[in-house]
Amino acid sequence: MGQKKIGIMVSGRGSNMQAIIEASRDPNYPARVELVISNREEAPALEKAWKENIEGVFIPGIGREWERKVLDLINEHGIELLCLAGFMRVLSPEFLAQAPPVMNIHPSLLPAFPGLNAQKQAIEHGVKISGCTVHFVDSGVDSGPIILQKGVEVNQDDDEEELAERILRIEHQLYPRAVELWARDQLEIEGRKVRIKEEKGHG
Ligand code: GAR
């Protein structure tokens, strides 16, 4: 079975992107990163992509025109799945209607603490468990059908950085796994729910 082509959209550091790239080095991993798109020129993720010999593109601009350029590029590359990885922009319903499926990773147990600074929100709320979520993207903010989640304990003396670091380690396991499930055709969306199907035979 060939590897499906995925595109990753980033705005910053790119450690989740790197985790997916690393997973895809295994020839049995069913997806590979074909293209990285950033809306910030200075995003360290771009440099990381170049080091891996992956095409990394900064696309300037905003709004519909920006989204048009992204769609053109992902079509040119035959991208079959888009993964948002620390991508700090909301995509329009028009974009989502024309794009391949889009996934996102978020550093909380959604629907708790959507939006910015999820780890800070969790600490301020005083929750004892937080975690991360990989979900399909819909036109809301962090509101689409949930694919995988994993919990992380919040220690009472945690600051935002400590909690973010502990969650990040789990993110790096969860995101490549969610992409793998998608690429093996094991995800079935039923309304809000994502059902994980048994793996069909190899091949
Ligand atoms: C990750 O913690 C990701 O979950 C979060 O930004 C960080 C990006 O790190 N995303 C969001 O908060 C999206 N709402 P990375 O660039 O090193 O992957």
# chains A, B, ... in the order shown; residues from 1 in each chain; ligands from 1

$ residues_around --residues "range 152-154 of chain A" --least-positions-apart "4" --cutoff "8 Å" --atoms "only C-alpha atoms" --output "list in words"
Ile123, Val127, Lys128, Ile129, Ser130, Gly131, Asp158, Leu163, Arg166 and Ile167 of chain A

$ write_last_selection --atoms "N, CA, C and O atoms" --output "mmCIF file, in the first residue's frame"
data_model
loop_
_atom_site.group_PDB
_atom_site.id
_atom_site.type_symbol
_atom_site.label_atom_id
_atom_site.label_comp_id
_atom_site.auth_asym_id
_atom_site.auth_seq_id
_atom_site.Cartn_x
_atom_site.Cartn_y
_atom_site.Cartn_z
ATOM 1 N N ILE A 123 -5.577 25.397 33.941
ATOM 2 C CA ILE A 123 -5.002 25.666 35.266
ATOM 3 C C ILE A 123 -5.894 26.645 36.028
ATOM 4 O O ILE A 123 -6.214 26.434 37.203
ATOM 5 N N VAL A 127 -8.962 22.353 36.981
ATOM 6 C CA VAL A 127 -9.262 20.948 36.681
ATOM 7 C C VAL A 127 -8.105 20.061 37.140
ATOM 8 O O VAL A 127 -6.955 20.502 37.224
ATOM 9 N N LYS A 128 -8.407 18.821 37.448
ATOM 10 C CA LYS A 128 -7.389 17.870 37.912
ATOM 11 C C LYS A 128 -6.838 17.045 36.758
ATOM 12 O O LYS A 128 -5.804 16.423 36.872
ATOM 13 N N ILE A 129 -7.616 16.984 35.683
ATOM 14 C CA ILE A 129 -7.171 16.257 34.489
ATOM 15 C C ILE A 129 -7.416 17.136 33.272
ATOM 16 O O ILE A 129 -8.483 17.734 33.123
ATOM 17 N N SER A 130 -6.395 17.261 32.443
ATOM 18 C CA SER A 130 -6.607 17.872 31.128
ATOM 19 C C SER A 130 -6.054 16.889 30.099
ATOM 20 O O SER A 130 -6.071 15.692 30.346
ATOM 21 N N GLY A 131 -5.555 17.364 28.974
ATOM 22 C CA GLY A 131 -5.066 16.413 27.982
ATOM 23 C C GLY A 131 -5.067 17.015 26.602
ATOM 24 O O GLY A 131 -4.915 18.222 26.449
ATOM 25 N N ASP A 158 1.482 22.983 39.017
ATOM 26 C CA ASP A 158 1.857 23.205 37.613
ATOM 27 C C ASP A 158 1.711 24.665 37.211
ATOM 28 O O ASP A 158 0.711 25.299 37.538
ATOM 29 N N LEU A 163 2.519 22.247 32.374
ATOM 30 C CA LEU A 163 1.377 21.476 31.883
ATOM 31 C C LEU A 163 1.453 21.340 30.361
ATOM 32 O O LEU A 163 1.221 20.249 29.809
ATOM 33 N N ARG A 166 3.872 18.603 29.421
ATOM 34 C CA ARG A 166 3.371 17.252 29.679
ATOM 35 C C ARG A 166 2.314 16.856 28.639
ATOM 36 O O ARG A 166 2.286 15.731 28.170
ATOM 37 N N ILE A 167 1.472 17.820 28.278
ATOM 38 C CA ILE A 167 0.445 17.531 27.267
ATOM 39 C C ILE A 167 1.106 17.306 25.906
ATOM 40 O O ILE A 167 0.728 16.412 25.153
#

$ residues_around --residues "Arg192 in chain A" --least-positions-apart "5" --cutoff "8 Å" --atoms "only C-alpha atoms" --output "MDAnalysis selection string"
chainID A and resid 144:146

$ select_by_dssp --residues "range 16-152 of chain A" --states "alpha helix (DSSP H)" --output "JSON, numbers by chain"
{"A": [16, 17, 18, 19, 20, 21, 22, 23, 44, 45, 46, 47, 48, 49, 50, 51, 63, 64, 65, 66, 67, 68, 69, 70, 71, 72, 73, 74, 75, 76, 93, 94, 95, 96, 97, 98, 118, 119, 120, 121, 122, 123, 124, 125]}

$ residues_near_ligand --ligand "ligand 1" --cutoff "6 Å" --atoms "only C-alpha atoms and all ligand atoms" --output "count of residues only"
14

$ closest_residue --among "A:Asp159, A:Glu188, A:Glu198, A:Asp138" --to "Gly126 in chain A" --atoms "only C-alpha atoms"
A:Asp159

$ atom_distance --atom1 "CA of Ala122 in chain A" --atom2 "CA of Asp157 in chain A"
12.7 Å

$ select_by_dssp --residues "range 20-195 of chain A" --states "strand (DSSP E)" --output "CSV table (one decimal) with N, CA and C atoms, in the first residue's frame"
chain,number,residue,atom,x,y,z
A,31,ALA,N,1.1,7.2,5.6
A,31,ALA,CA,0.9,8.5,5.1
A,31,ALA,C,2.3,9.2,5.1
A,32,ARG,N,2.5,10.2,4.2
A,32,ARG,CA,3.7,10.9,4.2
A,32,ARG,C,3.5,12.4,4.0
A,33,VAL,N,4.3,13.2,4.6
A,33,VAL,CA,4.1,14.7,4.6
A,33,VAL,C,4.7,15.2,3.3
A,34,GLU,N,3.8,15.7,2.5
A,34,GLU,CA,4.2,16.1,1.1
A,34,GLU,C,4.4,17.7,1.0
A,35,LEU,N,3.8,18.4,1.9
A,35,LEU,CA,3.7,19.8,1.8
A,35,LEU,C,3.5,20.4,3.2
A,36,VAL,N,4.2,21.5,3.5
A,36,VAL,CA,3.9,22.3,4.7
A,36,VAL,C,3.6,23.7,4.4
A,37,ILE,N,2.5,24.2,4.9
A,37,ILE,CA,2.1,25.6,4.6
A,37,ILE,C,2.1,26.4,5.9
A,38,SER,N,2.7,27.6,5.9
A,38,SER,CA,2.7,28.4,7.0
A,38,SER,C,2.1,29.8,6.7
A,55,GLU,N,8.7,20.2,1.0
A,55,GLU,CA,8.4,21.6,0.5
A,55,GLU,C,7.7,22.3,1.6
A,56,GLY,N,8.2,23.5,2.0
A,56,GLY,CA,7.6,24.3,3.1
A,56,GLY,C,7.4,25.7,2.5
A,57,VAL,N,6.2,26.1,2.5
A,57,VAL,CA,5.8,27.3,1.8
A,57,VAL,C,5.2,28.3,2.8
A,58,PHE,N,5.7,29.6,2.8
A,58,PHE,CA,5.0,30.6,3.5
A,58,PHE,C,4.0,31.3,2.5
A,81,LEU,N,-5.2,14.8,2.8
A,81,LEU,CA,-5.6,15.2,4.2
A,81,LEU,C,-4.8,16.4,4.6
A,82,LEU,N,-5.4,17.3,5.3
A,82,LEU,CA,-4.7,18.5,5.8
A,82,LEU,C,-4.7,18.4,7.3
A,83,CYS,N,-3.5,18.5,7.9
A,83,CYS,CA,-3.4,18.5,9.4
A,83,CYS,C,-3.0,19.9,9.9
A,84,LEU,N,-3.8,20.4,10.7
A,84,LEU,CA,-3.4,21.7,11.4
A,84,LEU,C,-2.6,21.3,12.6
A,102,VAL,N,-9.9,17.8,7.0
A,102,VAL,CA,-9.0,18.6,7.8
A,102,VAL,C,-9.0,18.2,9.3
A,103,MET,N,-7.8,17.9,9.8
A,103,MET,CA,-7.7,17.5,11.3
A,103,MET,C,-7.0,18.6,12.0
A,104,ASN,N,-7.2,18.6,13.3
A,104,ASN,CA,-6.5,19.6,14.2
A,104,ASN,C,-6.2,18.9,15.5
A,105,ILE,N,-5.1,19.4,16.1
A,105,ILE,CA,-4.8,18.9,17.5
A,105,ILE,C,-5.0,20.1,18.4
A,106,HIS,N,-5.5,19.8,19.6
A,106,HIS,CA,-5.8,20.9,20.5
A,106,HIS,C,-5.4,20.4,21.9
A,129,ILE,N,-7.6,17.0,35.7
A,129,ILE,CA,-7.2,16.3,34.5
A,129,ILE,C,-7.4,17.1,33.3
A,130,SER,N,-6.4,17.3,32.4
A,130,SER,CA,-6.6,17.9,31.1
A,130,SER,C,-6.1,16.9,30.1
A,131,GLY,N,-5.6,17.4,29.0
A,131,GLY,CA,-5.1,16.4,28.0
A,131,GLY,C,-5.1,17.0,26.6
A,132,CYS,N,-5.2,16.2,25.6
A,132,CYS,CA,-5.3,16.7,24.2
A,132,CYS,C,-6.3,15.9,23.4
A,133,THR,N,-6.7,16.6,22.3
A,133,THR,CA,-7.7,16.1,21.4
A,133,THR,C,-7.3,16.2,20.0
A,134,VAL,N,-7.5,15.1,19.2
A,134,VAL,CA,-7.4,15.3,17.8
A,134,VAL,C,-8.8,15.2,17.2
A,135,HIS,N,-9.2,16.1,16.4
A,135,HIS,CA,-10.5,16.2,15.9
A,135,HIS,C,-10.6,16.6,14.4
A,136,PHE,N,-11.7,16.3,13.8
A,136,PHE,CA,-11.9,16.8,12.4
A,136,PHE,C,-12.3,18.3,12.6
A,146,ILE,N,-14.7,14.4,17.4
A,146,ILE,CA,-13.4,14.0,18.1
A,146,ILE,C,-13.0,12.6,17.6
A,147,ILE,N,-11.7,12.6,17.2
A,147,ILE,CA,-11.1,11.3,16.8
A,147,ILE,C,-10.4,10.6,17.9
A,148,LEU,N,-9.5,11.2,18.6
A,148,LEU,CA,-8.8,10.6,19.7
A,148,LEU,C,-8.6,11.6,20.8
A,149,GLN,N,-8.6,11.1,22.1
A,149,GLN,CA,-8.3,12.0,23.2
A,149,GLN,C,-7.5,11.2,24.2
A,150,LYS,N,-6.6,12.0,24.9
A,150,LYS,CA,-5.9,11.3,26.0
A,150,LYS,C,-5.7,12.3,27.2
A,151,GLY,N,-5.9,11.8,28.4
A,151,GLY,CA,-5.9,12.6,29.5
A,151,GLY,C,-4.5,12.7,30.1
A,152,VAL,N,-4.2,13.8,30.8
A,152,VAL,CA,-3.0,14.1,31.5
A,152,VAL,C,-3.3,14.7,32.8
A,153,GLU,N,-2.6,14.2,33.9
A,153,GLU,CA,-2.9,14.8,35.2
A,153,GLU,C,-2.4,16.3,35.3
A,187,LEU,N,-11.5,5.4,10.0
A,187,LEU,CA,-12.4,6.4,10.6
A,187,LEU,C,-13.7,6.6,9.9
A,188,GLU,N,-14.8,6.5,10.6
A,188,GLU,CA,-16.1,6.7,10.0
A,188,GLU,C,-16.8,7.8,10.8
A,189,ILE,N,-17.2,8.8,10.2
A,189,ILE,CA,-17.9,9.9,10.9
A,189,ILE,C,-19.4,9.7,10.8
A,190,GLU,N,-20.0,9.6,12.0
A,190,GLU,CA,-21.5,9.5,12.1
A,190,GLU,C,-22.0,10.6,12.9
A,193,LYS,N,-20.1,11.9,15.9
A,193,LYS,CA,-19.2,10.8,16.5
A,193,LYS,C,-18.3,10.3,15.4
A,194,VAL,N,-17.0,9.9,15.8
A,194,VAL,CA,-16.1,9.3,14.9
A,194,VAL,C,-15.9,7.8,15.4
A,195,ARG,N,-16.4,6.9,14.6
A,195,ARG,CA,-16.2,5.5,15.0
A,195,ARG,C,-14.9,5.0,14.4

$ closest_residue --among "A:Glu124, A:Val90, A:Ala118, A:Arg177" --to "Gly140 in chain A" --atoms "only C-alpha atoms"
A:Val90

$ atom_distance --atom1 "CA of Ala99 in chain A" --atom2 "CA of His77 in chain A"
12.5 Å

$ atom_distance --atom1 "CA of Ala49 in chain A" --atom2 "CA of Gln3 in chain A"
18.0 Å

$ closest_residue --among "A:Ser108, A:Gly191, A:Arg40, A:Val141" --to "Ile170 in chain A" --atoms "only C-alpha atoms"
A:Ser108

$ residues_around --residues "Leu71 in chain A" --least-positions-apart "5" --cutoff "10 Å" --atoms "only C-alpha atoms" --output "PyMOL selection string"
chain A and resi 65-66+76-77+79+95-96+98-100

$ write_last_selection --atoms "N, CA, C and O atoms" --output "PDB file, in the first residue's frame"
ATOM      1  N   GLU A  65      -8.618  35.319  -0.334  1.00  0.00           N
ATOM      2  CA  GLU A  65      -7.541  35.244  -1.310  1.00  0.00           C
ATOM      3  C   GLU A  65      -6.446  34.289  -0.816  1.00  0.00           C
ATOM      4  O   GLU A  65      -5.897  33.481  -1.568  1.00  0.00           O
ATOM      5  N   TRP A  66      -6.164  34.385   0.475  1.00  0.00           N
ATOM      6  CA  TRP A  66      -5.164  33.497   1.087  1.00  0.00           C
ATOM      7  C   TRP A  66      -5.633  32.045   0.984  1.00  0.00           C
ATOM      8  O   TRP A  66      -4.880  31.159   0.581  1.00  0.00           O
ATOM      9  N   GLU A  76      -2.563  21.193  -6.414  1.00  0.00           N
ATOM     10  CA  GLU A  76      -1.376  20.929  -7.237  1.00  0.00           C
ATOM     11  C   GLU A  76      -0.594  19.718  -6.719  1.00  0.00           C
ATOM     12  O   GLU A  76      -0.042  18.941  -7.484  1.00  0.00           O
ATOM     13  N   HIS A  77      -0.529  19.612  -5.381  1.00  0.00           N
ATOM     14  CA  HIS A  77       0.266  18.539  -4.772  1.00  0.00           C
ATOM     15  C   HIS A  77      -0.532  17.254  -4.536  1.00  0.00           C
ATOM     16  O   HIS A  77       0.009  16.291  -4.004  1.00  0.00           O
ATOM     17  N   ILE A  79      -2.882  16.712  -2.334  1.00  0.00           N
ATOM     18  CA  ILE A  79      -2.979  16.450  -0.890  1.00  0.00           C
ATOM     19  C   ILE A  79      -4.337  15.821  -0.554  1.00  0.00           C
ATOM     20  O   ILE A  79      -5.375  16.312  -0.986  1.00  0.00           O
ATOM     21  N   PHE A  95     -13.764  27.379   2.499  1.00  0.00           N
ATOM     22  CA  PHE A  95     -12.498  26.654   2.364  1.00  0.00           C
ATOM     23  C   PHE A  95     -12.719  25.177   2.689  1.00  0.00           C
ATOM     24  O   PHE A  95     -12.318  24.288   1.940  1.00  0.00           O
ATOM     25  N   LEU A  96     -13.403  24.934   3.817  1.00  0.00           N
ATOM     26  CA  LEU A  96     -13.582  23.549   4.272  1.00  0.00           C
ATOM     27  C   LEU A  96     -14.421  22.740   3.288  1.00  0.00           C
ATOM     28  O   LEU A  96     -14.197  21.540   3.122  1.00  0.00           O
ATOM     29  N   GLN A  98     -14.276  22.963   0.144  1.00  0.00           N
ATOM     30  CA  GLN A  98     -13.484  22.622  -1.051  1.00  0.00           C
ATOM     31  C   GLN A  98     -12.225  21.823  -0.744  1.00  0.00           C
ATOM     32  O   GLN A  98     -11.618  21.258  -1.646  1.00  0.00           O
ATOM     33  N   ALA A  99     -11.817  21.822   0.517  1.00  0.00           N
ATOM     34  CA  ALA A  99     -10.558  21.183   0.898  1.00  0.00           C
ATOM     35  C   ALA A  99     -10.764  19.687   1.130  1.00  0.00           C
ATOM     36  O   ALA A  99     -11.890  19.220   1.337  1.00  0.00           O
ATOM     37  N   PRO A 100      -9.665  18.908   1.131  1.00  0.00           N
ATOM     38  CA  PRO A 100      -9.771  17.526   1.615  1.00  0.00           C
ATOM     39  C   PRO A 100     -10.114  17.547   3.109  1.00  0.00           C
ATOM     40  O   PRO A 100     -10.177  18.628   3.700  1.00  0.00           O
TER      41      PRO A 100
END

$ closest_residue --among "A:Met9, A:Glu160, A:Asn75, A:Ile20" --to "Asn117 in chain A" --atoms "only C-alpha atoms"
A:Glu160

$ residues_around --residues "Ala183 in chain A" --least-positions-apart "2" --cutoff "8 Å" --atoms "only C-alpha atoms" --output "VMD selection string"
chain A and resid 4 30 to 31 179 to 181 185 to 186

$ write_last_selection --atoms "C-alpha atoms" --output "PDB file, in the first residue's frame"
ATOM      1  CA  LYS A   4      -1.220   8.882   1.299  1.00  0.00           C
ATOM      2  CA  PRO A  30       0.419   4.762   5.579  1.00  0.00           C
ATOM      3  CA  ALA A  31       0.945   8.532   5.064  1.00  0.00           C
ATOM      4  CA  VAL A 179      -3.399  10.287  10.896  1.00  0.00           C
ATOM      5  CA  GLU A 180      -2.585   6.595  10.666  1.00  0.00           C
ATOM      6  CA  LEU A 181      -6.171   5.589  11.459  1.00  0.00           C
ATOM      7  CA  ASP A 185      -9.574   4.053   6.243  1.00  0.00           C
ATOM      8  CA  GLN A 186     -10.472   3.206   9.819  1.00  0.00           C
TER       9      GLN A 186
END
